[in-house]
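J.: Below are the structure tokens for one structure; questions will follow.
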Amino acid sequence: MGLYSGVPIERPALLVQRVCGTGIEAISQAADAVTLKKIELGLCVGAESMSRNPVAAFTHRSGFSHGPGGVQGFLVGSAVGSCPGRNDGETAETVAGTYKITREDVDRFAELSFSRAVAAQTSCFFIGRNRASCQRSFRV
């Protein structure tokens with residue numbers, strides 16, 4: 001995405017593969033790098049494509065035999081937490097039940113979060129000292 005948005009090819013890039021939460025992980029890593037003064041500015045892009053996660057043959061180091069193969073998608077192992085032994089969906093259902101969080105609560109929170117993001121963008125909150133130029137160029 002950086003190249004498509006005009007970032008020079010000489011600039012370093014980093015791929016973050018987190019299965020779920022890739023976008024927030026990329027933002028977290030960039031924020032840490034800025035805080036530690038390793039970088040001045042970071043471009044973060046997050047996109048999830050669960051159907052395009054790789055597959056691996058974990059049991060074929062010495063060749064293949066006839067019959068069913070041992071090919072497994074990375075999602076199978078990565079979607080199950082090593083401590084609780086359950087997947088993210090099961091964990092979400094447990095947390096929602098424990099804390100009495102309804103679907104309506106989640107939808108209201110998502111709506112509030114989105115409206116805050118739009119307000120931050122339209123006010124040029126993330127631009128910092130260049131707010132005047134942002135407000136002139138921003139289009140709704």
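Chain labels A, B, ... are given in the sequence in which chains occur in the structure tokens; within each chain residues are numbered consecutively from 1, and ligands are likewise numbered from 1 in the order shown.
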Using the chain letters and numbers from this document, which residues of chain A does DSSP assign to helix (DSSP H, G or I), as a tab-separated table (two decimals) with C-alpha atoms, in the first residue's frame?

T.:
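Writing the result to result.tsv gives the following:
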chain	number	residue	atom	x	y	z
A	22	THR	CA	-3.13	-7.12	12.31
A	23	GLY	CA	-4.12	-3.46	11.94
A	24	ILE	CA	-3.96	-2.67	15.64
A	25	GLU	CA	-0.67	-4.58	15.94
A	26	ALA	CA	0.82	-2.52	13.09
A	27	ILE	CA	-0.32	0.70	14.80
A	28	SER	CA	1.09	-0.47	18.13
A	29	GLN	CA	4.47	-1.31	16.61
A	30	ALA	CA	4.63	2.04	14.80
A	31	ALA	CA	3.66	3.95	17.95
A	32	ASP	CA	6.39	2.14	19.90
A	33	ALA	CA	8.95	2.97	17.21
A	34	VAL	CA	7.95	6.66	17.21
A	35	THR	CA	8.01	6.78	21.03
A	50	MET	CA	-8.74	-15.23	6.51
A	51	SER	CA	-9.25	-17.20	3.30
A	52	ARG	CA	-5.76	-16.31	2.06
A	74	PHE	CA	-2.20	-21.86	9.79
A	75	LEU	CA	-5.55	-20.68	11.13
A	76	VAL	CA	-6.23	-24.01	12.82
A	77	GLY	CA	-3.37	-23.64	15.27
A	78	SER	CA	-3.29	-19.87	15.52
A	88	ASP	CA	-11.36	-16.42	19.82
A	89	GLY	CA	-15.08	-16.79	19.11
A	90	GLU	CA	-15.58	-19.03	22.13
A	91	THR	CA	-13.59	-16.61	24.27
A	92	ALA	CA	-15.71	-13.68	23.06
A	93	GLU	CA	-18.90	-15.56	23.90
A	94	THR	CA	-17.60	-16.37	27.37
A	95	VAL	CA	-16.57	-12.76	28.06
A	96	ALA	CA	-19.92	-11.46	26.76
A	97	GLY	CA	-21.79	-13.87	29.01
A	98	THR	CA	-19.68	-13.16	32.06
A	103	ARG	CA	-25.06	-7.55	20.70
A	104	GLU	CA	-26.80	-4.17	21.01
A	105	ASP	CA	-24.06	-3.02	23.43
A	106	VAL	CA	-21.40	-4.06	20.92
A	107	ASP	CA	-23.20	-2.34	18.04
A	108	ARG	CA	-23.57	0.90	20.06
A	109	PHE	CA	-19.88	0.81	20.97
A	110	ALA	CA	-18.91	0.23	17.33
A	111	GLU	CA	-21.10	3.14	16.22
A	112	LEU	CA	-19.57	5.43	18.86
A	113	SER	CA	-16.05	4.34	17.91
A	114	PHE	CA	-16.70	4.97	14.22
A	115	SER	CA	-18.20	8.41	14.87
A	116	ARG	CA	-15.17	9.30	16.99
A	117	ALA	CA	-12.85	8.20	14.18
A	118	VAL	CA	-14.74	10.33	11.64
A	119	ALA	CA	-14.67	13.33	14.01
A	120	ALA	CA	-10.91	12.91	14.53
A	121	GLN	CA	-10.35	12.72	10.78
A	122	THR	CA	-12.52	15.74	9.91
A	125	PHE	CA	-6.63	15.55	14.93
A	126	PHE	CA	-3.93	13.16	13.65
A	127	ILE	CA	-2.21	15.77	11.48
A	128	GLY	CA	-0.83	17.82	14.38
A	129	ARG	CA	0.86	21.06	13.38
A	130	ASN	CA	-0.40	20.94	9.76
A	131	ARG	CA	-4.12	21.19	10.65
A	132	ALA	CA	-4.77	24.25	8.49
A	133	SER	CA	-3.56	22.52	5.32
A	134	CYS	CA	-5.53	19.40	6.27
A	135	GLN	CA	-8.79	21.29	6.71
A	136	ARG	CA	-8.38	22.94	3.31
A	137	SER	CA	-7.80	19.60	1.57

J.: Using the chain letters and numbers from this document, which residues of stretch 45-122 of chain A does DSSP assign to strand (DSSP E or B), as a PyMOL selection string?

T.: chain A and resi 55-57+71-73+80+87

J.: Could you check which of A:Gln17, A:Leu43, A:Lys37, A:Ala57 is closest to A:Ser5, using only C-alpha atoms?

T.: A:Leu43

J.: Taking only C-alpha atoms into account, which of A:Cys20, A:Val7, A:Leu15, A:Cys83 comes nearest A:Leu41?

T.: A:Val7
